[in-house]
Each structure stands twice: as C-alpha cells, then as structure tokens.
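Content type PDB, C-alpha atoms, from the file input-v4.pdb:
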```
ATOM      1  CA  MET X   1      80.885 262.803 197.015
ATOM      2  CA  LYS X   2      84.491 262.127 196.015
ATOM      3  CA  ALA X   3      86.203 264.426 193.523
ATOM      4  CA  VAL X   4      89.639 265.495 192.278
ATOM      5  CA  VAL X   5      90.080 269.076 193.505
ATOM      6  CA  GLN X   6      92.701 271.747 192.835
ATOM      7  CA  ASP X   7      93.051 275.119 194.588
ATOM      8  CA  ARG X   8      96.324 276.337 193.073
ATOM      9  CA  TYR X   9      98.199 275.935 189.810
ATOM     10  CA  GLY X  10     101.011 273.445 189.677
ATOM     11  CA  PRO X  11     101.984 269.841 188.929
ATOM     12  CA  ALA X  12      99.787 266.801 189.457
ATOM     13  CA  ASP X  13     100.765 266.808 193.133
ATOM     14  CA  THR X  14      98.466 269.821 193.613
ATOM     15  CA  LEU X  15      95.431 267.628 192.895
ATOM     16  CA  GLU X  16      93.600 266.338 195.961
ATOM     17  CA  PHE X  17      91.216 263.377 195.999
ATOM     18  CA  THR X  18      88.728 264.438 198.638
ATOM     19  CA  ASP X  19      85.090 264.872 199.667
ATOM     20  CA  VAL X  20      83.046 267.780 198.320
ATOM     21  CA  GLU X  21      79.362 268.611 198.279
ATOM     22  CA  ARG X  22      77.252 267.037 195.573
ATOM     23  CA  PRO X  23      76.249 269.713 193.021
ATOM     24  CA  VAL X  24      72.625 270.689 192.447
ATOM     25  CA  PRO X  25      71.476 271.214 188.837
ATOM     26  CA  GLY X  26      70.098 274.607 187.922
ATOM     27  CA  ALA X  27      67.864 275.605 185.048
ATOM     28  CA  GLY X  28      69.079 274.048 181.815
ATOM     29  CA  GLU X  29      71.329 271.573 183.658
ATOM     30  CA  VAL X  30      71.344 267.849 184.346
ATOM     31  CA  LEU X  31      72.930 266.046 187.297
ATOM     32  CA  VAL X  32      74.901 263.058 186.008
ATOM     33  CA  ARG X  33      76.343 260.167 188.005
ATOM     34  CA  VAL X  34      79.741 259.870 186.314
ATOM     35  CA  ARG X  35      80.771 256.367 185.308
ATOM     36  CA  ALA X  36      83.862 257.317 183.310
ATOM     37  CA  ALA X  37      85.797 260.416 182.276
ATOM     38  CA  SER X  38      88.730 260.815 179.903
ATOM     39  CA  VAL X  39      91.884 262.900 180.166
ATOM     40  CA  ASN X  40      92.775 265.567 177.615
ATOM     41  CA  ALA X  41      95.549 268.122 177.110
ATOM     42  CA  TYR X  42      92.828 270.546 178.242
ATOM     43  CA  ASP X  43      93.177 269.105 181.765
ATOM     44  CA  TRP X  44      96.901 269.614 182.228
ATOM     45  CA  HIS X  45      96.728 273.090 180.665
ATOM     46  CA  PHE X  46      94.157 274.046 183.341
ATOM     47  CA  MET X  47      96.051 272.197 186.067
ATOM     48  CA  ARG X  48      99.301 274.040 185.282
ATOM     49  CA  GLY X  49      97.756 277.353 184.271
ATOM     50  CA  ASP X  50      99.836 276.986 181.129
ATOM     51  CA  PRO X  51     100.358 278.937 178.964
ATOM     52  CA  LEU X  52     100.221 282.100 181.034
ATOM     53  CA  ILE X  53      98.343 283.925 178.294
ATOM     54  CA  GLY X  54      95.462 281.494 178.833
ATOM     55  CA  ARG X  55      94.876 282.466 182.456
ATOM     56  CA  GLY X  56      92.507 285.178 181.335
ATOM     57  CA  THR X  57      89.949 282.412 180.850
ATOM     58  CA  MET X  58      91.359 279.779 183.215
ATOM     59  CA  GLY X  59      91.670 282.108 186.228
ATOM     60  CA  TRP X  60      94.575 284.455 186.969
ATOM     61  CA  ARG X  61      95.764 283.189 190.363
ATOM     62  CA  ARG X  62      94.036 279.842 190.702
ATOM     63  CA  PRO X  63      91.853 277.584 188.550
ATOM     64  CA  ARG X  64      88.411 279.088 188.113
ATOM     65  CA  THR X  65      86.972 275.561 188.192
ATOM     66  CA  ARG X  66      88.203 273.614 191.236
ATOM     67  CA  ILE X  67      87.427 270.106 189.957
ATOM     68  CA  ARG X  68      89.389 268.880 186.947
ATOM     69  CA  GLY X  69      87.992 266.932 184.003
ATOM     70  CA  ARG X  70      85.928 267.753 180.939
ATOM     71  CA  ASP X  71      84.738 264.521 179.232
ATOM     72  CA  LEU X  72      82.098 262.276 180.776
ATOM     73  CA  ALA X  73      79.900 259.252 180.326
ATOM     74  CA  GLY X  74      77.341 258.322 182.941
ATOM     75  CA  VAL X  75      73.713 258.096 184.001
ATOM     76  CA  VAL X  76      71.247 260.972 184.449
ATOM     77  CA  GLU X  77      70.224 261.409 188.103
ATOM     78  CA  THR X  78      68.155 264.601 188.027
ATOM     79  CA  VAL X  79      66.926 266.876 185.255
ATOM     80  CA  GLY X  80      66.742 270.625 185.875
ATOM     81  CA  ALA X  81      64.073 272.978 184.609
ATOM     82  CA  GLY X  82      64.038 273.693 180.902
ATOM     83  CA  VAL X  83      65.842 270.521 179.786
ATOM     84  CA  SER X  84      64.060 268.364 177.221
ATOM     85  CA  GLY X  85      64.881 264.986 175.734
ATOM     86  CA  LEU X  86      66.631 263.621 178.832
ATOM     87  CA  GLU X  87      65.226 261.715 181.804
ATOM     88  CA  PRO X  88      66.589 260.120 184.994
ATOM     89  CA  GLY X  89      68.169 256.773 184.169
ATOM     90  CA  ASP X  90      69.298 257.764 180.664
ATOM     91  CA  GLU X  91      72.841 256.746 179.733
ATOM     92  CA  VAL X  92      74.583 259.831 178.370
ATOM     93  CA  TYR X  93      77.934 261.216 177.261
ATOM     94  CA  GLY X  94      79.279 264.681 176.592
ATOM     95  CA  GLU X  95      81.213 267.521 178.194
ATOM     96  CA  ALA X  96      81.069 269.502 181.430
ATOM     97  CA  ASP X  97      83.604 271.154 183.710
ATOM     98  CA  GLY X  98      84.475 269.063 186.767
ATOM     99  CA  THR X  99      83.973 265.495 185.546
ATOM    100  CA  PHE X 100      86.689 263.931 187.728
ATOM    101  CA  ALA X 101      84.011 263.379 190.354
ATOM    102  CA  GLU X 102      81.235 260.986 191.280
ATOM    103  CA  PHE X 103      78.596 263.507 190.159
ATOM    104  CA  VAL X 104      78.657 266.537 187.862
ATOM    105  CA  CYS X 105      76.173 269.118 186.616
ATOM    106  CA  ALA X 106      76.198 269.363 182.836
ATOM    107  CA  ARG X 107      74.381 271.672 180.469
ATOM    108  CA  GLY X 108      71.528 269.827 178.834
ATOM    109  CA  ASP X 109      72.655 270.924 175.370
ATOM    110  CA  GLU X 110      76.216 269.604 175.877
ATOM    111  CA  ILE X 111      75.325 265.983 176.600
ATOM    112  CA  GLY X 112      73.355 263.406 174.647
ATOM    113  CA  PRO X 113      72.463 259.697 174.545
ATOM    114  CA  LYS X 114      75.479 257.397 174.834
ATOM    115  CA  PRO X 115      76.286 255.439 171.656
ATOM    116  CA  ALA X 116      74.736 251.992 171.766
ATOM    117  CA  GLY X 117      77.251 249.174 172.025
ATOM    118  CA  LEU X 118      79.987 251.268 173.664
ATOM    119  CA  THR X 119      81.097 250.880 177.260
ATOM    120  CA  PHE X 120      81.071 253.939 179.499
ATOM    121  CA  GLU X 121      84.862 254.022 179.205
ATOM    122  CA  GLN X 122      84.731 254.019 175.406
ATOM    123  CA  ALA X 123      81.989 256.638 175.321
ATOM    124  CA  ALA X 124      83.908 258.919 177.705
ATOM    125  CA  ALA X 125      86.841 258.887 175.284
ATOM    126  CA  MET X 126      84.799 260.485 172.515
ATOM    127  CA  PRO X 127      83.306 263.912 173.341
ATOM    128  CA  LEU X 128      86.159 266.446 173.349
ATOM    129  CA  ALA X 129      88.581 264.592 171.066
ATOM    130  CA  GLY X 130      85.933 263.299 168.691
ATOM    131  CA  ASN X 131      84.208 266.662 168.477
ATOM    132  CA  THR X 132      87.505 268.447 167.787
ATOM    133  CA  ALA X 133      88.312 266.039 164.954
ATOM    134  CA  LEU X 134      84.759 266.323 163.616
ATOM    135  CA  MET X 135      84.774 270.116 163.542
ATOM    136  CA  ALA X 136      88.309 270.242 162.158
ATOM    137  CA  LEU X 137      87.595 268.012 159.178
ATOM    138  CA  ARG X 138      83.857 268.349 158.523
ATOM    139  CA  ASP X 139      83.313 272.029 159.358
ATOM    140  CA  THR X 140      86.699 273.774 159.072
ATOM    141  CA  ALA X 141      88.575 271.885 156.335
ATOM    142  CA  ARG X 142      85.380 270.592 154.668
ATOM    143  CA  VAL X 143      87.161 267.401 153.615
ATOM    144  CA  GLN X 144      85.797 265.852 150.416
ATOM    145  CA  ALA X 145      86.035 262.384 148.898
ATOM    146  CA  GLY X 146      89.179 261.993 146.801
ATOM    147  CA  GLN X 147      91.209 264.602 148.676
ATOM    148  CA  THR X 148      94.518 263.834 150.357
ATOM    149  CA  LEU X 149      94.754 264.434 154.110
ATOM    150  CA  LEU X 150      97.841 264.498 156.334
ATOM    151  CA  VAL X 151      97.335 264.191 160.106
ATOM    152  CA  ASN X 152     100.336 265.262 162.187
ATOM    153  CA  GLY X 153      99.898 263.621 165.592
ATOM    154  CA  ALA X 154      97.733 260.799 164.267
ATOM    155  CA  SER X 155      98.112 258.462 167.242
ATOM    156  CA  GLY X 156      96.847 260.883 169.911
ATOM    157  CA  GLY X 157      93.314 261.322 171.187
ATOM    158  CA  VAL X 158      92.131 263.690 168.449
ATOM    159  CA  GLY X 159      94.389 262.091 165.859
ATOM    160  CA  THR X 160      92.914 258.609 166.129
ATOM    161  CA  PHE X 161      89.464 260.062 165.469
ATOM    162  CA  ALA X 162      90.789 262.270 162.648
ATOM    163  CA  VAL X 163      92.279 259.294 160.803
ATOM    164  CA  GLN X 164      88.965 257.436 161.005
ATOM    165  CA  LEU X 165      86.879 260.461 160.045
ATOM    166  CA  GLY X 166      89.153 261.204 157.100
ATOM    167  CA  LYS X 167      88.507 257.715 155.784
ATOM    168  CA  ALA X 168      84.777 258.006 156.513
ATOM    169  CA  TYR X 169      84.693 261.153 154.349
ATOM    170  CA  GLY X 170      86.525 259.399 151.520
ATOM    171  CA  ALA X 171      89.964 261.015 151.846
ATOM    172  CA  GLU X 172      93.329 259.336 151.266
ATOM    173  CA  VAL X 173      94.915 259.612 154.720
ATOM    174  CA  THR X 174      98.596 259.928 155.599
ATOM    175  CA  ALA X 175      99.304 259.553 159.322
ATOM    176  CA  VAL X 176     102.392 261.019 161.037
ATOM    177  CA  CYS X 177     103.311 259.412 164.364
ATOM    178  CA  GLY X 178     106.064 257.672 166.314
ATOM    179  CA  ALA X 179     107.364 254.227 165.401
ATOM    180  CA  ARG X 180     105.538 252.451 168.234
ATOM    181  CA  ASN X 181     102.192 253.692 166.938
ATOM    182  CA  THR X 182     102.439 252.888 163.236
ATOM    183  CA  ASP X 183     100.484 249.627 163.541
ATOM    184  CA  LEU X 184      97.772 251.414 165.517
ATOM    185  CA  VAL X 185      97.112 254.099 162.896
ATOM    186  CA  ARG X 186      97.195 251.524 160.104
ATOM    187  CA  SER X 187      94.557 249.529 161.965
ATOM    188  CA  LEU X 188      92.401 252.680 162.021
ATOM    189  CA  GLY X 189      92.523 252.922 158.231
ATOM    190  CA  ALA X 190      95.498 255.159 157.414
ATOM    191  CA  ASP X 191      96.572 254.631 153.800
ATOM    192  CA  HIS X 192     100.137 255.795 154.448
ATOM    193  CA  VAL X 193     102.188 256.158 157.635
ATOM    194  CA  ILE X 194     105.222 258.383 158.221
ATOM    195  CA  ASP X 195     107.485 257.648 161.196
ATOM    196  CA  ARG X 196     108.313 261.149 162.405
ATOM    197  CA  ALA X 197     111.773 260.054 163.641
ATOM    198  CA  GLN X 198     112.731 258.600 160.263
ATOM    199  CA  GLU X 199     111.258 261.035 157.770
ATOM    200  CA  ASP X 200     110.282 264.705 157.604
ATOM    201  CA  PHE X 201     106.912 265.053 155.905
ATOM    202  CA  ALA X 202     107.650 268.700 155.063
ATOM    203  CA  ARG X 203     110.638 267.652 152.935
ATOM    204  CA  ARG X 204     108.660 265.254 150.769
ATOM    205  CA  ALA X 205     107.844 266.205 147.205
ATOM    206  CA  GLU X 206     104.246 265.233 147.943
ATOM    207  CA  ARG X 207     101.754 267.947 148.875
ATOM    208  CA  TRP X 208      98.433 267.363 150.626
ATOM    209  CA  ASP X 209      95.028 268.953 150.063
ATOM    210  CA  VAL X 210      94.427 269.160 153.814
ATOM    211  CA  VAL X 211      97.005 269.210 156.628
ATOM    212  CA  LEU X 212      95.678 268.823 160.170
ATOM    213  CA  ASP X 213      98.313 269.681 162.787
ATOM    214  CA  LEU X 214      97.556 268.321 166.264
ATOM    215  CA  VAL X 215     100.994 268.697 167.815
ATOM    216  CA  GLY X 216     102.221 272.258 167.333
ATOM    217  CA  ASN X 217     105.804 271.045 166.969
ATOM    218  CA  ARG X 218     106.452 272.376 163.448
ATOM    219  CA  SER X 219     106.824 275.886 162.102
ATOM    220  CA  LEU X 220     104.097 277.455 160.038
ATOM    221  CA  GLY X 221     106.521 277.456 157.106
ATOM    222  CA  ASP X 222     107.038 273.680 157.383
ATOM    223  CA  LEU X 223     103.299 273.058 157.524
ATOM    224  CA  ARG X 224     102.678 275.276 154.502
ATOM    225  CA  ARG X 225     105.407 273.491 152.526
ATOM    226  CA  ALA X 226     103.476 270.254 153.016
ATOM    227  CA  LEU X 227     100.305 271.904 151.749
ATOM    228  CA  ALA X 228      99.052 271.998 148.151
ATOM    229  CA  PRO X 229      98.960 275.499 146.568
ATOM    230  CA  THR X 230      95.200 275.652 147.125
ATOM    231  CA  GLY X 231      95.144 273.409 150.185
ATOM    232  CA  THR X 232      93.798 273.920 153.690
ATOM    233  CA  LEU X 233      95.863 273.910 156.878
ATOM    234  CA  VAL X 234      93.980 273.387 160.151
ATOM    235  CA  LEU X 235      95.717 273.966 163.499
ATOM    236  CA  SER X 236      94.587 272.282 166.717
ATOM    237  CA  GLY X 237      97.702 271.477 168.745
ATOM    238  CA  GLY X 238      97.705 270.855 172.488
ATOM    239  CA  GLY X 239     101.288 269.640 172.811
ATOM    240  CA  VAL X 240     102.945 268.204 175.915
ATOM    241  CA  TYR X 241     104.203 270.005 179.013
ATOM    242  CA  GLU X 242     107.751 271.345 178.572
ATOM    243  CA  GLY X 243     108.329 273.328 181.752
ATOM    244  CA  GLY X 244     105.838 276.169 181.375
ATOM    245  CA  SER X 245     105.432 278.920 178.818
ATOM    246  CA  VAL X 246     103.990 282.373 178.273
ATOM    247  CA  VAL X 247     102.348 281.673 174.925
ATOM    248  CA  GLY X 248     102.933 277.947 174.291
ATOM    249  CA  PRO X 249     101.132 276.483 171.273
ATOM    250  CA  MET X 250      99.260 279.782 170.917
ATOM    251  CA  ALA X 251     102.351 281.219 169.190
ATOM    252  CA  LEU X 252     101.607 279.147 166.097
ATOM    253  CA  PHE X 253      97.969 280.228 166.150
ATOM    254  CA  LEU X 254      98.944 283.900 166.438
ATOM    255  CA  GLN X 255     101.385 283.540 163.558
ATOM    256  CA  ARG X 256      98.650 281.939 161.461
ATOM    257  CA  GLN X 257      96.395 284.942 162.066
ATOM    258  CA  MET X 258      99.085 287.313 160.804
ATOM    259  CA  VAL X 259     100.030 285.272 157.727
ATOM    260  CA  ALA X 260      96.604 283.962 156.634
ATOM    261  CA  PRO X 261      95.480 287.118 154.758
ATOM    262  CA  PHE X 262      98.563 286.866 152.515
ATOM    263  CA  ALA X 263      98.577 283.089 151.938
ATOM    264  CA  ARG X 264      97.847 283.298 148.173
ATOM    265  CA  GLY X 265      95.393 280.480 147.636
ATOM    266  CA  GLN X 266      96.113 278.434 150.752
ATOM    267  CA  ARG X 267      93.522 278.479 153.530
ATOM    268  CA  LEU X 268      95.171 278.739 156.968
ATOM    269  CA  LEU X 269      92.656 278.059 159.736
ATOM    270  CA  ASP X 270      92.326 276.861 163.314
ATOM    271  CA  VAL X 271      89.553 275.014 165.121
ATOM    272  CA  ALA X 272      87.158 276.595 167.583
ATOM    273  CA  ALA X 273      85.580 273.329 168.767
ATOM    274  CA  ARG X 274      82.255 273.825 170.525
ATOM    275  CA  GLN X 275      80.283 270.939 171.938
ATOM    276  CA  SER X 276      76.618 270.551 171.003
ATOM    277  CA  ARG X 277      73.999 267.850 171.196
ATOM    278  CA  ALA X 278      73.911 267.837 167.382
ATOM    279  CA  ASN X 279      77.633 267.035 167.179
ATOM    280  CA  LEU X 280      77.258 264.357 169.842
ATOM    281  CA  ALA X 281      74.461 262.841 167.751
ATOM    282  CA  ALA X 282      76.717 262.887 164.669
ATOM    283  CA  LEU X 283      79.519 261.146 166.580
ATOM    284  CA  ARG X 284      77.036 258.640 167.991
ATOM    285  CA  GLU X 285      75.794 257.774 164.495
ATOM    286  CA  LEU X 286      79.355 257.361 163.246
ATOM    287  CA  ALA X 287      80.204 255.082 166.186
ATOM    288  CA  GLU X 288      77.035 253.006 165.926
ATOM    289  CA  SER X 289      77.601 252.510 162.189
ATOM    290  CA  GLY X 290      81.159 251.333 162.823
ATOM    291  CA  ARG X 291      82.851 254.152 160.938
ATOM    292  CA  ILE X 292      84.680 255.401 164.034
ATOM    293  CA  ALA X 293      85.696 253.621 167.226
ATOM    294  CA  PRO X 294      87.372 255.103 170.319
ATOM    295  CA  VAL X 295      90.751 253.642 171.231
ATOM    296  CA  VAL X 296      91.577 253.510 174.945
ATOM    297  CA  GLU X 297      95.232 253.000 175.861
ATOM    298  CA  ARG X 298      95.003 253.031 179.660
ATOM    299  CA  THR X 299      92.426 253.285 182.409
ATOM    300  CA  TYR X 300      92.865 254.664 185.933
ATOM    301  CA  GLU X 301      90.561 254.793 188.932
ATOM    302  CA  LEU X 302      89.212 258.173 190.073
ATOM    303  CA  GLY X 303      91.664 258.337 192.968
ATOM    304  CA  GLU X 304      94.514 257.918 190.455
ATOM    305  CA  ALA X 305      93.520 260.923 188.335
ATOM    306  CA  ALA X 306      96.721 262.793 189.208
ATOM    307  CA  GLU X 307      98.804 259.950 187.817
ATOM    308  CA  ALA X 308      96.633 259.833 184.683
ATOM    309  CA  ILE X 309      97.219 263.537 183.972
ATOM    310  CA  ARG X 310     100.929 263.202 184.807
ATOM    311  CA  TYR X 311     101.220 260.443 182.210
ATOM    312  CA  LEU X 312      99.422 262.435 179.530
ATOM    313  CA  GLU X 313     101.259 265.724 180.040
ATOM    314  CA  VAL X 314     104.777 264.341 179.599
ATOM    315  CA  GLU X 315     104.311 261.289 177.359
ATOM    316  CA  HIS X 316     103.047 260.865 173.836
ATOM    317  CA  ALA X 317     100.010 258.880 174.957
ATOM    318  CA  ARG X 318      98.458 256.529 172.454
ATOM    319  CA  ALA X 319      94.855 257.444 171.783
ATOM    320  CA  LYS X 320      92.861 258.049 174.979
ATOM    321  CA  VAL X 321      93.496 257.747 178.723
ATOM    322  CA  VAL X 322      90.280 257.103 180.680
ATOM    323  CA  ILE X 323      89.320 257.387 184.348
ATOM    324  CA  THR X 324      86.719 254.994 185.743
ATOM    325  CA  VAL X 325      84.434 256.174 188.534
TER     326      VAL X 325
END
```

Show the structure stored in the file as structure tokens.
Amino acid sequence: MKAVVQDRYGPADTLEFTDVERPVPGAGEVLVRVRAASVNAYDWHFMRGDPLIGRGTMGWRRPRTRIRGRDLAGVVETVGAGVSGLEPGDEVYGEADGTFAEFVCARGDEIGPKPAGLTFEQAAAMPLAGNTALMALRDTARVQAGQTLLVNGASGGVGTFAVQLGKAYGAEVTAVCGARNTDLVRSLGADHVIDRAQEDFARRAERWDVVLDLVGNRSLGDLRRALAPTGTLVLSGGGVYEGGSVVGPMALFLQRQMVAPFARGQRLLDVAARQSRANLAALRELAESGRIAPVVERTYELGEAAEAIRYLEVEHARAKVVITV
C-alpha cells in the first residue's frame, strides 16, 4: 500500500510517499481502508520532533511511528478479535497513528460510525479537533448556558469547533482571530469578533467566564487579566513552527501548573484530550443535529501530504486541512 513515511526528524522534505506493507489488525483492532485524513498541529510536532522536551513520547532520535497522520475517515476492511459493534463495510471515523496511508489499524474503541450526511473529508476533519474542543468546554471548563466564553484562535481547527460548541451549550461567544477570518467565525455563530491585529482582548475592560486559549501566543498574565475573578482558563495551544524549541508551548502549561494553586478563585486548567467511542458518538450526534459542522479550507491528495503539513505548520490555516486517499 502507499503511505507517507518518515525515518528521521526534520522538515516536510523528510516525508516520503512510498510503498509499505499493509498492516494486520491484532486483538482489539480494526483494519480501515482510509478515505480521508486531516492534518493537525500534532502532525508537524511529530514530524519535527518539536519541542525537544516532547521526544520522550515521540521518540528520542527518530519518530516512534513511521507513518504520519492521526485523524481518519474510511471503511472497515477487517475486524480483529475482541472488537464489538463494528463490521466490514461500516463507514467509520476516529483516530489512529499512521493515517496518511491507504490502510491503517485502529483501536476499536477509538473509532465509531461516521456521522450521517457528512462526506469522508468532512468526517475526517472532526476527530482530534472536535474531541479537543468537546473535552475543553464540556469536561474541563464545564461551560453553562448564560456564561461568556472567549476563544483565542477561533478560526483554527479546534477553534471553529469551539465556537460552535460554545453556542450549542448556550454561551455568549467572543472569537479572537485574524481579519481574513472574521466572516468565517461569525458564520459559525460567534456573537462578537475581535481582530487580533486591531485590538488586544487582554486590555479590554470586559472579563469572560471562560477563556479557551488555542494559540499559546499570550502570557499567562494576559490570559488571566481577560478572565473573570471566578472564571476558568483552559489551555490547549499547538502554535505554529517558529524554528524549533526546547519547550515550545509547553512553557505556558508548566507555568500554569506552578501558578494554579495560588490563583485565588480562578481555575487554571489544561486539556488532556483522549479519544473514545463515547466522545465520537457525542460529536456525531452534534453533527447530525446540525449544531456543529466541520469547515474544510483545503484538500490535498495523499501524495501531497508533505505540502499539506508544510502549509499548516507555517500559516494560520483556516479551519481544517484534509488529505483525500
């Protein structure tokens, strides 16, 4: 089968579109014929081995997982032992390592039925970004109707879902993004939009009940100044590639850990997003009811995966970038 393979850390040029053996599902796994996969900051972090502190999990000298990609939508080919609720021919979506390939083995509990009415490309845009937004707002911040929510990085992959989920939960949503994306976030339901080049949200007199930071480009002090005295700050920033780093966006997370015990009423948290079939079912229900919809900015063919990651890691991509297989 064809796949996008990497044997050393580096820029997108280190990715090779080549032939590899088709994987065989083990116990608890499902073999999926991939129809589409989306690109996330997760992919360029693993491609670059950046930040260096993250190589403990990514692999010290080379990527532990040779094939890039995490999101998928496709069709079940074979079901391994111990997997229930899935059969060959089922259209599914979810997460697995190595989805920039014609076939991938996925854990049976990390994929689920594809939302009805969505294309494979749309469905592939949802798992990682949608799940991160879901866990950030539903589980971590516990957003309630009537609260005010600020989303910093509202036009990115996670941000576009966060704006829609905030509205679905009844919050008044303020979206922070670049000028070219203001119409996009308004179309997703944002009540207020701040052009980050024209106004500093941290200098406003207004304070928000929940601040969700998806960029990692502001200090913890700035983010706390935007937060109500008893508000909740949630960090989940992937950032863009800026030449390599030792700690990268983790610096803000580490600072949060040190300051949080002394925050005096403010809750300072970060997201540990974990995929599950239950969360995929929740996202599917939200999509099928029309309360959220994936936004796809660009599509690339599988052989163009390197260019897709290159675009995402240096640009402020709008919503999701998807690879068709």

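With all atoms listed in the file as the basis for measurement, X:Cys177 is the residue among X:Asp43, X:Cys177, X:Glu110, X:Leu184 that approaches Ala197 (chain X) most closely.
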
Let me know the residues the PyMOL selection byres ((chain X and resi 325) around 8) catches in the file above, as a ChimeraX atom specification.
/X:34-37,101-102,301-302,323-324

Shell of 12 Å around Arg204 (chain X), only C-alpha atoms, local chain residues under 6 positions omitted, as a ChimeraX atom specification:
/X:194,222-223,225-227

Wanna dump the region 99-148 of chain X-region 153-173 of chain X contacts at 10 Å for me, each residue with its shortest atom pair and the distance in Å to one decimal, counting all atoms listed in the file, ordered by chain and number, as CSV?
```
residue,atom,partner,partner_atom,distance
X:Ala125,CA,X:Gly157,CA,8.0
X:Met126,CA,X:Phe161,CA,8.5
X:Leu128,CA,X:Val158,CA,8.2
X:Ala129,CA,X:Val158,CA,4.5
X:Gly130,CA,X:Phe161,CA,5.8
X:Asn131,CA,X:Val158,CA,8.5
X:Thr132,CA,X:Val158,CA,6.7
X:Ala133,CA,X:Ala162,CA,5.1
X:Leu134,CA,X:Leu165,CA,7.2
X:Met135,CA,X:Ala162,CA,9.9
X:Ala136,CA,X:Ala162,CA,8.4
X:Leu137,CA,X:Gly166,CA,7.3
X:Arg138,CA,X:Tyr169,CA,8.4
X:Arg142,CA,X:Tyr169,CA,9.5
X:Val143,CA,X:Tyr169,CA,6.8
X:Gln144,CA,X:Tyr169,CA,6.2
X:Ala145,CA,X:Gly170,CA,4.0
X:Gly146,CA,X:Ala171,CA,5.2
X:Gln147,CA,X:Ala171,CA,4.9
X:Thr148,CA,X:Glu172,CA,4.7
```

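The two atoms in question, CA of Val20 (chain X) and CA of Leu72 (chain X), are spaced 18.4 Å apart.
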
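Our summary of the geometry notes that CA of Val76 (chain X) is positioned 10.5 Å from CA of Gly108 (chain X).
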
Suppose a student applies the PyMOL selection byres ((chain X and resi 255) around 12) to this structure; what residues should they get, written as number ranges by chain?
X: 216, 219-221, 235, 247, 249-254, 256-263, 268-270

Enclose all atoms of region 16-24 of chain X listed in the file in an axis-aligned box, grow every side by 5 Å, and hand back centre and edge lengths in Å to one decimal, as lines of an AutoDock Vina configuration file.
```
center_x = 83.1
center_y = 267.0
center_z = 196.1
size_x = 31.0
size_y = 17.3
size_z = 17.2
```

Name the residues that the PyMOL selection byres ((chain X and resi 299) around 6) picks from the file above, as a ChimeraX atom specification, using the file's chain letters and numbers.
/X:298,300,321-323

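Of note, CA of Tyr42 (chain X) and CA of Lys2 (chain X) are spaced 21.4 Å apart.
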
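Using only C-alpha atoms, the smallest distance between any of X:Phe100, X:Phe17, X:Trp44, X:Tyr9 and Arg61 (chain X) comes from X:Tyr9.
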
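Of the residues listed (X:Asp109, X:Asp71, X:Asp139, X:Glu77), X:Asp71 shows the shortest atom-to-atom separation from Gly94 (chain X); distances use all atoms listed in the file.
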
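Of the residues listed (X:Phe103, X:Trp60, X:Phe120, X:Phe201), X:Phe103 shows the shortest atom-to-atom separation from Asp19 (chain X); distances use only C-alpha atoms.
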
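Candidate residues X:Leu312, X:Val83, X:Ala124, X:Leu283 were compared for distance to Val295 (chain X), and the nearest is X:Ala124, using only C-alpha atoms.
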
Using all atoms listed in the file, which residues sit within 12 Å of Gln198 (chain X) once same-chain residues fewer than 5 positions away are excluded, as number ranges by chain?
X: 176-179, 193, 203

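Comparing X:Asn217, X:Arg267, X:Glu307, X:Glu91 by their smallest distance to Gly231 (chain X), the closest is X:Arg267 (using all atoms listed in the file).
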
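Excluding Ala81 (chain X) and any residue on its chain fewer than 4 positions from it, the residues at most 8 Å away by all atoms listed in the file are Gly26, Ala27, Gly28 and Glu29 of chain X.
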
Selected residues, C-alpha atoms, written as a PDB file, keeping the file's coordinate frame, please.
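The new file result.pdb reads:
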```pdb
ATOM      1  CA  GLY X  26      70.098 274.607 187.922  1.00  0.00           C
ATOM      2  CA  ALA X  27      67.864 275.605 185.048  1.00  0.00           C
ATOM      3  CA  GLY X  28      69.079 274.048 181.815  1.00  0.00           C
ATOM      4  CA  GLU X  29      71.329 271.573 183.658  1.00  0.00           C
TER       5      GLU X  29
END
```

Using the atoms already present, construct N, CA and C atoms for region 17-28 of chain X and hand them back as a PDB file, in the frame of the given file.
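What follows is the written file part.pdb:
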```pdb
ATOM      1  N   PHE X  17      92.387 264.256 196.078  1.00  0.00           N
ATOM      2  CA  PHE X  17      91.216 263.377 195.999  1.00  0.00           C
ATOM      3  C   PHE X  17      90.499 263.459 197.341  1.00  0.00           C
ATOM      4  N   THR X  18      89.351 264.110 197.359  1.00  0.00           N
ATOM      5  CA  THR X  18      88.728 264.438 198.638  1.00  0.00           C
ATOM      6  C   THR X  18      87.212 264.476 198.509  1.00  0.00           C
ATOM      7  N   ASP X  19      86.548 264.762 199.633  1.00  0.00           N
ATOM      8  CA  ASP X  19      85.090 264.872 199.667  1.00  0.00           C
ATOM      9  C   ASP X  19      84.668 266.315 199.411  1.00  0.00           C
ATOM     10  N   VAL X  20      83.653 266.478 198.567  1.00  0.00           N
ATOM     11  CA  VAL X  20      83.046 267.780 198.320  1.00  0.00           C
ATOM     12  C   VAL X  20      81.531 267.598 198.279  1.00  0.00           C
ATOM     13  N   GLU X  21      80.814 268.693 198.329  1.00  0.00           N
ATOM     14  CA  GLU X  21      79.362 268.611 198.279  1.00  0.00           C
ATOM     15  C   GLU X  21      78.885 268.215 196.882  1.00  0.00           C
ATOM     16  N   ARG X  22      77.826 267.410 196.859  1.00  0.00           N
ATOM     17  CA  ARG X  22      77.252 267.037 195.573  1.00  0.00           C
ATOM     18  C   ARG X  22      76.594 268.266 194.942  1.00  0.00           C
ATOM     19  N   PRO X  23      76.846 268.532 193.648  1.00  0.00           N
ATOM     20  CA  PRO X  23      76.249 269.713 193.021  1.00  0.00           C
ATOM     21  C   PRO X  23      74.744 269.544 192.806  1.00  0.00           C
ATOM     22  N   VAL X  24      74.070 270.665 192.683  1.00  0.00           N
ATOM     23  CA  VAL X  24      72.625 270.689 192.447  1.00  0.00           C
ATOM     24  C   VAL X  24      72.379 271.331 191.088  1.00  0.00           C
ATOM     25  N   PRO X  25      71.679 270.652 190.178  1.00  0.00           N
ATOM     26  CA  PRO X  25      71.476 271.214 188.837  1.00  0.00           C
ATOM     27  C   PRO X  25      70.560 272.426 188.849  1.00  0.00           C
ATOM     28  N   GLY X  26      70.933 273.430 188.084  1.00  0.00           N
ATOM     29  CA  GLY X  26      70.098 274.607 187.922  1.00  0.00           C
ATOM     30  C   GLY X  26      69.276 274.503 186.651  1.00  0.00           C
ATOM     31  N   ALA X  27      68.644 275.583 186.276  1.00  0.00           N
ATOM     32  CA  ALA X  27      67.864 275.605 185.048  1.00  0.00           C
ATOM     33  C   ALA X  27      68.763 275.309 183.851  1.00  0.00           C
ATOM     34  N   GLY X  28      68.320 274.415 182.996  1.00  0.00           N
ATOM     35  CA  GLY X  28      69.079 274.048 181.815  1.00  0.00           C
ATOM     36  C   GLY X  28      70.176 273.033 182.067  1.00  0.00           C
TER      37      GLY X  28
END
```
